file start.pdb (PDB, C-alpha atoms and all ligand atoms)
MODEL        1
ATOM      1  CA  MET A  13       0.000   0.000   0.000
ATOM      2  CA  GLN A  14       1.297   3.430  -0.960
ATOM      3  CA  VAL A  15      -0.030   6.840  -0.017
ATOM      4  CA  GLY A  16       0.949  10.072  -1.753
ATOM      5  CA  VAL A  17       1.920  13.348  -0.143
ATOM      6  CA  LEU A  18       1.676  16.413  -2.360
ATOM      7  CA  ALA A  19       5.248  17.715  -2.342
ATOM      8  CA  LEU A  20       5.046  21.005  -4.226
ATOM      9  CA  GLN A  21       5.433  23.187  -1.149
ATOM     10  CA  GLY A  22       4.896  23.134   2.614
ATOM     11  CA  ALA A  23       5.051  20.510   5.351
ATOM     12  CA  PHE A  24       5.207  17.294   3.313
ATOM     13  CA  ARG A  25       8.284  15.678   4.900
ATOM     14  CA  GLU A  26       6.626  15.513   8.317
ATOM     15  CA  HIS A  27       3.660  13.633   6.847
ATOM     16  CA  ARG A  28       6.009  11.203   5.185
ATOM     17  CA  LEU A  29       7.759  10.391   8.464
ATOM     18  CA  MET A  30       4.444   9.940  10.244
ATOM     19  CA  PHE A  31       3.128   7.385   7.720
ATOM     20  CA  GLU A  32       6.457   5.557   7.642
ATOM     21  CA  SER A  33       6.369   5.272  11.441
ATOM     22  CA  PHE A  34       3.585   2.690  11.086
ATOM     23  CA  GLY A  35       4.800   1.020   7.925
ATOM     24  CA  VAL A  36       2.911   2.840   5.154
ATOM     25  CA  LYS A  37       4.991   3.633   2.070
ATOM     26  CA  VAL A  38       4.949   7.226   0.863
ATOM     27  CA  VAL A  39       5.317   8.658  -2.626
ATOM     28  CA  GLU A  40       6.083  12.368  -2.974
ATOM     29  CA  VAL A  41       3.681  13.697  -5.593
ATOM     30  CA  ARG A  42       4.947  16.422  -7.924
ATOM     31  CA  LEU A  43       3.409  15.405 -11.259
ATOM     32  CA  PRO A  44       0.036  13.912 -12.270
ATOM     33  CA  GLN A  45       1.612  10.526 -13.088
ATOM     34  CA  ASP A  46       2.855  10.242  -9.489
ATOM     35  CA  LEU A  47      -0.775   9.590  -8.496
ATOM     36  CA  GLU A  48      -0.772   6.211 -10.223
ATOM     37  CA  ASN A  49      -1.049   3.218  -7.865
ATOM     38  CA  LEU A  50      -1.756   5.316  -4.763
ATOM     39  CA  VAL A  51      -4.547   4.514  -2.316
ATOM     40  CA  GLY A  52      -4.824   8.136  -1.247
ATOM     41  CA  LEU A  53      -3.256  11.576  -1.113
ATOM     42  CA  VAL A  54      -2.419  14.122   1.571
ATOM     43  CA  ILE A  55      -2.350  17.821   0.717
ATOM     44  CA  PRO A  56      -0.133  19.350   3.412
ATOM     45  CA  GLY A  57      -0.058  22.702   5.157
ATOM     46  CA  GLY A  58       1.850  25.532   3.559
ATOM     47  CA  GLU A  59       0.647  28.636   1.773
ATOM     48  CA  SER A  60      -2.638  27.983   0.040
ATOM     49  CA  THR A  61      -2.284  30.576  -2.773
ATOM     50  CA  THR A  62       1.255  29.392  -3.641
ATOM     51  CA  MET A  63       0.167  25.775  -3.548
ATOM     52  CA  ALA A  64      -2.825  26.535  -5.787
ATOM     53  CA  LYS A  65      -0.513  28.167  -8.370
ATOM     54  CA  LEU A  66       1.851  25.198  -8.334
ATOM     55  CA  MET A  67      -1.035  22.740  -8.627
ATOM     56  CA  ARG A  68      -2.299  24.656 -11.665
ATOM     57  CA  SER A  69       1.062  24.834 -13.452
ATOM     58  CA  SER A  70       1.766  21.123 -12.886
ATOM     59  CA  GLU A  71      -1.834  20.193 -13.878
ATOM     60  CA  LEU A  72      -2.162  18.433 -10.561
ATOM     61  CA  ASP A  73      -5.363  20.387  -9.851
ATOM     62  CA  THR A  74      -7.388  18.495 -12.468
ATOM     63  CA  ALA A  75      -5.492  15.253 -11.773
ATOM     64  CA  ILE A  76      -6.279  15.400  -8.026
ATOM     65  CA  THR A  77      -9.916  16.234  -8.748
ATOM     66  CA  SER A  78     -10.233  13.133 -10.975
ATOM     67  CA  PHE A  79      -8.366  11.060  -8.376
ATOM     68  CA  ALA A  80     -10.891  12.075  -5.689
ATOM     69  CA  LYS A  81     -13.871  11.608  -8.008
ATOM     70  CA  THR A  82     -12.863   7.978  -8.583
ATOM     71  CA  GLY A  83     -13.214   7.463  -4.821
ATOM     72  CA  LYS A  84      -9.562   7.645  -3.796
ATOM     73  CA  CYS A  85      -9.118   9.228  -0.365
ATOM     74  CA  VAL A  86      -7.827  12.784  -0.081
ATOM     75  CA  TRP A  87      -6.897  14.530   3.165
ATOM     76  CA  GLY A  88      -6.103  18.245   3.407
ATOM     77  CA  THR A  89      -4.286  19.653   6.432
ATOM     78  CA  CYS A  90      -4.404  23.408   7.047
ATOM     79  CA  ALA A  91      -3.612  25.000   3.648
ATOM     80  CA  GLY A  92      -4.589  21.589   2.231
ATOM     81  CA  ALA A  93      -8.012  21.931   3.874
ATOM     82  CA  ILE A  94      -8.347  25.284   2.095
ATOM     83  CA  ALA A  95      -7.381  23.597  -1.182
ATOM     84  CA  ILE A  96     -10.119  20.947  -0.983
ATOM     85  CA  ALA A  97     -12.897  23.245   0.309
ATOM     86  CA  THR A  98     -15.825  24.294  -1.853
ATOM     87  CA  GLU A  99     -15.744  27.827  -0.392
ATOM     88  CA  ILE A 100     -12.936  30.120   0.824
ATOM     89  CA  VAL A 101     -14.690  32.876   2.763
ATOM     90  CA  GLY A 102     -13.702  36.321   1.459
ATOM     91  CA  PHE A 103     -11.549  34.889  -1.357
ATOM     92  CA  PRO A 104     -14.082  33.719  -3.950
ATOM     93  CA  GLU A 105     -11.510  33.973  -6.737
ATOM     94  CA  GLN A 106      -8.823  31.877  -5.030
ATOM     95  CA  PRO A 107      -8.354  28.654  -7.039
ATOM     96  CA  ARG A 108      -9.406  25.530  -5.150
ATOM     97  CA  LEU A 109     -10.270  21.921  -5.892
ATOM     98  CA  ASN A 110     -13.924  22.222  -4.856
ATOM     99  CA  LEU A 111     -14.116  18.742  -3.374
ATOM    100  CA  MET A 112     -15.371  18.894   0.209
ATOM    101  CA  ASP A 113     -18.541  20.711   1.207
ATOM    102  CA  ILE A 114     -16.990  23.037   3.795
ATOM    103  CA  SER A 115     -16.488  26.816   3.998
ATOM    104  CA  VAL A 116     -13.130  27.895   5.402
ATOM    105  CA  ALA A 117     -11.878  31.303   6.493
ATOM    106  CA  ARG A 118      -8.127  31.771   6.036
ATOM    107  CA  ASN A 119      -5.946  32.751   8.998
ATOM    108  CA  ALA A 120      -9.110  33.116  11.046
ATOM    109  CA  TYR A 121      -7.568  32.427  14.426
ATOM    110  CA  GLY A 122      -6.024  35.920  14.362
ATOM    111  CA  ARG A 123      -2.538  37.360  14.457
ATOM    112  CA  GLN A 124      -2.012  37.411  18.232
ATOM    113  CA  VAL A 125      -2.832  33.746  18.586
ATOM    114  CA  ALA A 126      -1.401  32.787  15.209
ATOM    115  CA  SER A 127       0.025  29.573  16.653
ATOM    116  CA  PHE A 128      -1.208  27.597  19.614
ATOM    117  CA  GLU A 129      -1.478  24.053  20.895
ATOM    118  CA  VAL A 130      -4.366  22.394  22.699
ATOM    119  CA  ASP A 131      -5.510  18.874  23.588
ATOM    120  CA  VAL A 132      -8.872  17.999  22.031
ATOM    121  CA  ALA A 133     -11.193  14.998  22.005
ATOM    122  CA  VAL A 134     -11.442  13.252  18.646
ATOM    123  CA  LYS A 135     -14.347  10.953  17.828
ATOM    124  CA  SER A 136     -13.347   7.278  18.274
ATOM    125  CA  PHE A 137      -9.985   8.156  19.910
ATOM    126  CA  GLU A 138      -9.704   6.900  23.481
ATOM    127  CA  THR A 139      -7.589   9.808  24.712
ATOM    128  CA  PRO A 140      -7.309  13.461  23.559
ATOM    129  CA  PHE A 141      -5.093  14.412  20.633
ATOM    130  CA  HIS A 142      -2.477  17.166  20.962
ATOM    131  CA  THR A 143      -3.309  19.648  18.189
ATOM    132  CA  VAL A 144      -0.911  22.262  16.802
ATOM    133  CA  PHE A 145      -2.462  25.261  15.020
ATOM    134  CA  ILE A 146      -0.302  27.470  12.773
ATOM    135  CA  ARG A 147      -2.146  30.416  11.201
ATOM    136  CA  ALA A 148      -4.962  27.959  10.785
ATOM    137  CA  PRO A 149      -8.060  28.430   8.707
ATOM    138  CA  ARG A 150     -11.375  28.114  10.525
ATOM    139  CA  ILE A 151     -14.141  25.871   9.250
ATOM    140  CA  GLU A 152     -17.135  28.216   9.250
ATOM    141  CA  ARG A 153     -19.689  25.816   7.759
ATOM    142  CA  VAL A 154     -19.950  22.091   7.107
ATOM    143  CA  GLY A 155     -22.349  20.589   4.563
ATOM    144  CA  LYS A 156     -24.978  18.014   5.484
ATOM    145  CA  ASP A 157     -22.845  15.073   4.323
ATOM    146  CA  VAL A 158     -19.871  16.130   6.428
ATOM    147  CA  GLU A 159     -19.180  14.325   9.703
ATOM    148  CA  VAL A 160     -17.438  16.450  12.349
ATOM    149  CA  LEU A 161     -14.732  14.388  14.081
ATOM    150  CA  ALA A 162     -13.301  17.056  16.395
ATOM    151  CA  GLU A 163     -14.250  20.579  17.424
ATOM    152  CA  TYR A 164     -12.562  23.482  19.138
ATOM    153  CA  GLU A 165     -14.415  26.569  20.381
ATOM    154  CA  GLY A 166     -17.565  25.597  18.518
ATOM    155  CA  HIS A 167     -15.941  25.031  15.124
ATOM    156  CA  ALA A 168     -15.088  21.777  13.414
ATOM    157  CA  ILE A 169     -11.305  21.242  13.260
ATOM    158  CA  MET A 170     -11.372  17.703  11.849
ATOM    159  CA  ALA A 171     -14.103  16.528   9.527
ATOM    160  CA  ARG A 172     -14.854  13.870   6.980
ATOM    161  CA  GLN A 173     -17.082  13.535   3.945
ATOM    162  CA  ALA A 174     -16.961   9.995   2.493
ATOM    163  CA  ASN A 175     -13.439   9.647   0.970
ATOM    164  CA  LEU A 176     -12.406  13.192   1.964
ATOM    165  CA  MET A 177     -10.965  14.469   5.244
ATOM    166  CA  ALA A 178      -9.935  17.918   6.451
ATOM    167  CA  THR A 179      -7.949  18.969   9.517
ATOM    168  CA  VAL A 180      -7.107  22.607  10.176
ATOM    169  CA  PHE A 181      -4.454  21.682  12.735
ATOM    170  CA  HIS A 182      -1.184  19.839  11.996
ATOM    171  CA  PRO A 183      -1.293  16.154  13.049
ATOM    172  CA  GLU A 184       2.081  15.644  11.356
ATOM    173  CA  LEU A 185       3.669  17.802  14.080
ATOM    174  CA  ALA A 186       2.273  15.757  16.982
ATOM    175  CA  GLN A 187       4.250  12.804  18.301
ATOM    176  CA  ASP A 188       1.150  10.738  17.655
ATOM    177  CA  ALA A 189       0.218   8.903  14.453
ATOM    178  CA  ARG A 190      -3.474   8.331  15.262
ATOM    179  CA  VAL A 191      -4.883  10.835  12.752
ATOM    180  CA  HIS A 192      -2.650   9.380  10.017
ATOM    181  CA  GLN A 193      -3.807   5.881  10.996
ATOM    182  CA  TYR A 194      -7.431   7.023  10.987
ATOM    183  CA  PHE A 195      -7.007   8.341   7.440
ATOM    184  CA  ILE A 196      -5.552   5.055   6.166
ATOM    185  CA  GLU A 197      -7.820   2.696   8.116
ATOM    186  CA  LYS A 198     -11.146   4.526   8.045
ATOM    187  CA  VAL A 199     -11.130   7.076   5.205
ATOM    188  CA  CYS A 200      -9.157   5.129   2.600
ATOM    189  CA  SER A 201     -10.790   1.756   3.053
TER     190      SER A 201
HETATM  191  N1  LIG B   1      -2.440  30.567   6.374
HETATM  192  C1  LIG B   1      -2.099  29.627   5.368
HETATM  193  C2  LIG B   1      -2.884  29.878   4.093
HETATM  194  O1  LIG B   1      -3.862  30.561   4.077
HETATM  195  C3  LIG B   1      -2.319  28.221   5.848
HETATM  196  C4  LIG B   1      -1.462  27.970   7.036
HETATM  197  C5  LIG B   1      -0.889  26.590   7.159
HETATM  198  O2  LIG B   1      -1.045  25.728   6.292
HETATM  199  N2  LIG B   1      -0.155  26.382   8.215
HETATM  200  O3  LIG B   1      -2.501  29.366   3.092
ENDMDL
END
call {"tool": "encode", "arguments": {"input": "start.pdb", "output": "structure tokens"}}
result
Amino acid sequence: MQVGVLALQGAFREHRLMFESFGVKVVEVRLPQDLENLVGLVIPGGESTTMAKLMRSSELDTAITSFAKTGKCVWGTCAGAIAIATEIVGFPEQPRLNLMDISVARNAYGRQVASFEVDVAVKSFETPFHTVFIRAPRIERVGKDVEVLAEYEGHAIMARQANLMATVFHPELAQDARVHQYFIEKVCS
């Protein structure tokens, strides 16, 4: 089994190490053909406008959309959650993949508290998960087919819609592979 991590920009190495820690092989995805033979794809955190430009110029935007439409699992973390959202609040023109029925507001946790860490309960996890937020987007709305898996201050921070998952925090920076395992075991199968 091989999972892909979009490696155009941002925090892709940390995801790779996390998957490898429990024996899942990782392919760094830079071109559409890198998606062949993958069970799923992670779109990492980074800078969502830069990542969108690089996805466009490499034609990975249409390739990832087709990949998801065939039922392959796709997980966006932070800027990746912005990339897969159907709506980016206040930035209607920002290119996005339009996959998951969520509305996200960029950098919505404010400048003063740009980065913070907090332990939160996650559905089906026996103990809380240590979440790291870095200039995180906020999920302002979830569609009716979206299951909220974790919340913080009244907003979803981890959510799933069939073969799609979004987290606005950075599970790849926790010393805990449970969110990565959840993606492989529950979202991709
Ligand atoms: N603020 C970034 C953006 O809007 C996302 C931050 C992150 O991925 N850590 O693209």
call {"tool": "residues_around", "arguments": {"input": "start.pdb", "residues": "Phe128 (chain A)", "least_positions_apart": "3", "cutoff": "10 Å", "atoms": "all atoms listed in the file", "output": "list in words"}}
result
Tyr121, Gln124, Val125, Thr143, Val144, Phe145, Ile146, Arg147, Ala148 and Phe181 of chain A
call {"tool": "resolve_selection", "arguments": {"input": "start.pdb", "expression": "the PyMOL selection byres (((chain A and resi 179) around 7) and not hetatm)", "output": "PyMOL selection string"}}
result
chain A and resi 88-90+93+169-171+177-178+180-181
call {"tool": "closest_residue", "arguments": {"input": "start.pdb", "among": "A:Gly92, A:Pro183, A:Gly83, A:Pro104", "to": "ligand LIG 1 (chain B)", "atoms": "all atoms listed in the file"}}
result
A:Gly92
call {"tool": "residues_around", "arguments": {"input": "start.pdb", "residues": "Val36 (chain A)", "least_positions_apart": "5", "cutoff": "8 Å", "atoms": "only C-alpha atoms", "output": "JSON, numbers by chain"}}
result
{"A": [13, 14, 15, 31]}
call {"tool": "resolve_selection", "arguments": {"input": "start.pdb", "expression": "the PyMOL selection byres (((chain A and resi 16) around 12) and not hetatm)", "output": "short mmCIF file (atom, residue, chain, number, x, y, z; two decimals) with C-alpha atoms, in the coordinates of the input"}}
result
data_model
loop_
_atom_site.label_atom_id
_atom_site.label_comp_id
_atom_site.auth_asym_id
_atom_site.auth_seq_id
_atom_site.Cartn_x
_atom_site.Cartn_y
_atom_site.Cartn_z
CA MET A 13 0.00 0.00 0.00
CA GLN A 14 1.30 3.43 -0.96
CA VAL A 15 -0.03 6.84 -0.02
CA VAL A 17 1.92 13.35 -0.14
CA LEU A 18 1.68 16.41 -2.36
CA ALA A 19 5.25 17.72 -2.34
CA LEU A 20 5.05 21.00 -4.23
CA PHE A 24 5.21 17.29 3.31
CA ARG A 25 8.28 15.68 4.90
CA HIS A 27 3.66 13.63 6.85
CA ARG A 28 6.01 11.20 5.18
CA PHE A 31 3.13 7.38 7.72
CA GLU A 32 6.46 5.56 7.64
CA VAL A 36 2.91 2.84 5.15
CA LYS A 37 4.99 3.63 2.07
CA VAL A 38 4.95 7.23 0.86
CA VAL A 39 5.32 8.66 -2.63
CA GLU A 40 6.08 12.37 -2.97
CA VAL A 41 3.68 13.70 -5.59
CA ARG A 42 4.95 16.42 -7.92
CA LEU A 43 3.41 15.40 -11.26
CA PRO A 44 0.04 13.91 -12.27
CA GLN A 45 1.61 10.53 -13.09
CA ASP A 46 2.86 10.24 -9.49
CA LEU A 47 -0.78 9.59 -8.50
CA GLU A 48 -0.77 6.21 -10.22
CA ASN A 49 -1.05 3.22 -7.86
CA LEU A 50 -1.76 5.32 -4.76
CA VAL A 51 -4.55 4.51 -2.32
CA GLY A 52 -4.82 8.14 -1.25
CA LEU A 53 -3.26 11.58 -1.11
CA VAL A 54 -2.42 14.12 1.57
CA ILE A 55 -2.35 17.82 0.72
CA PRO A 56 -0.13 19.35 3.41
CA ILE A 76 -6.28 15.40 -8.03
CA PHE A 79 -8.37 11.06 -8.38
CA LYS A 84 -9.56 7.64 -3.80
CA CYS A 85 -9.12 9.23 -0.36
CA VAL A 86 -7.83 12.78 -0.08
CA TRP A 87 -6.90 14.53 3.16
CA GLY A 88 -6.10 18.24 3.41
CA ILE A 196 -5.55 5.06 6.17
#
call {"tool": "closest_residue", "arguments": {"input": "start.pdb", "among": "A:Ala168, A:Val154, A:Val132, A:Leu185", "to": "ligand LIG 1 (chain B)", "atoms": "all atoms listed in the file"}}
result
A:Leu185
call {"tool": "atom_distance", "arguments": {"input": "start.pdb", "atom1": "CA of Pro140 (chain A)", "atom2": "atom N2 of ligand LIG 1 (chain B)"}}
result
21.3 Å
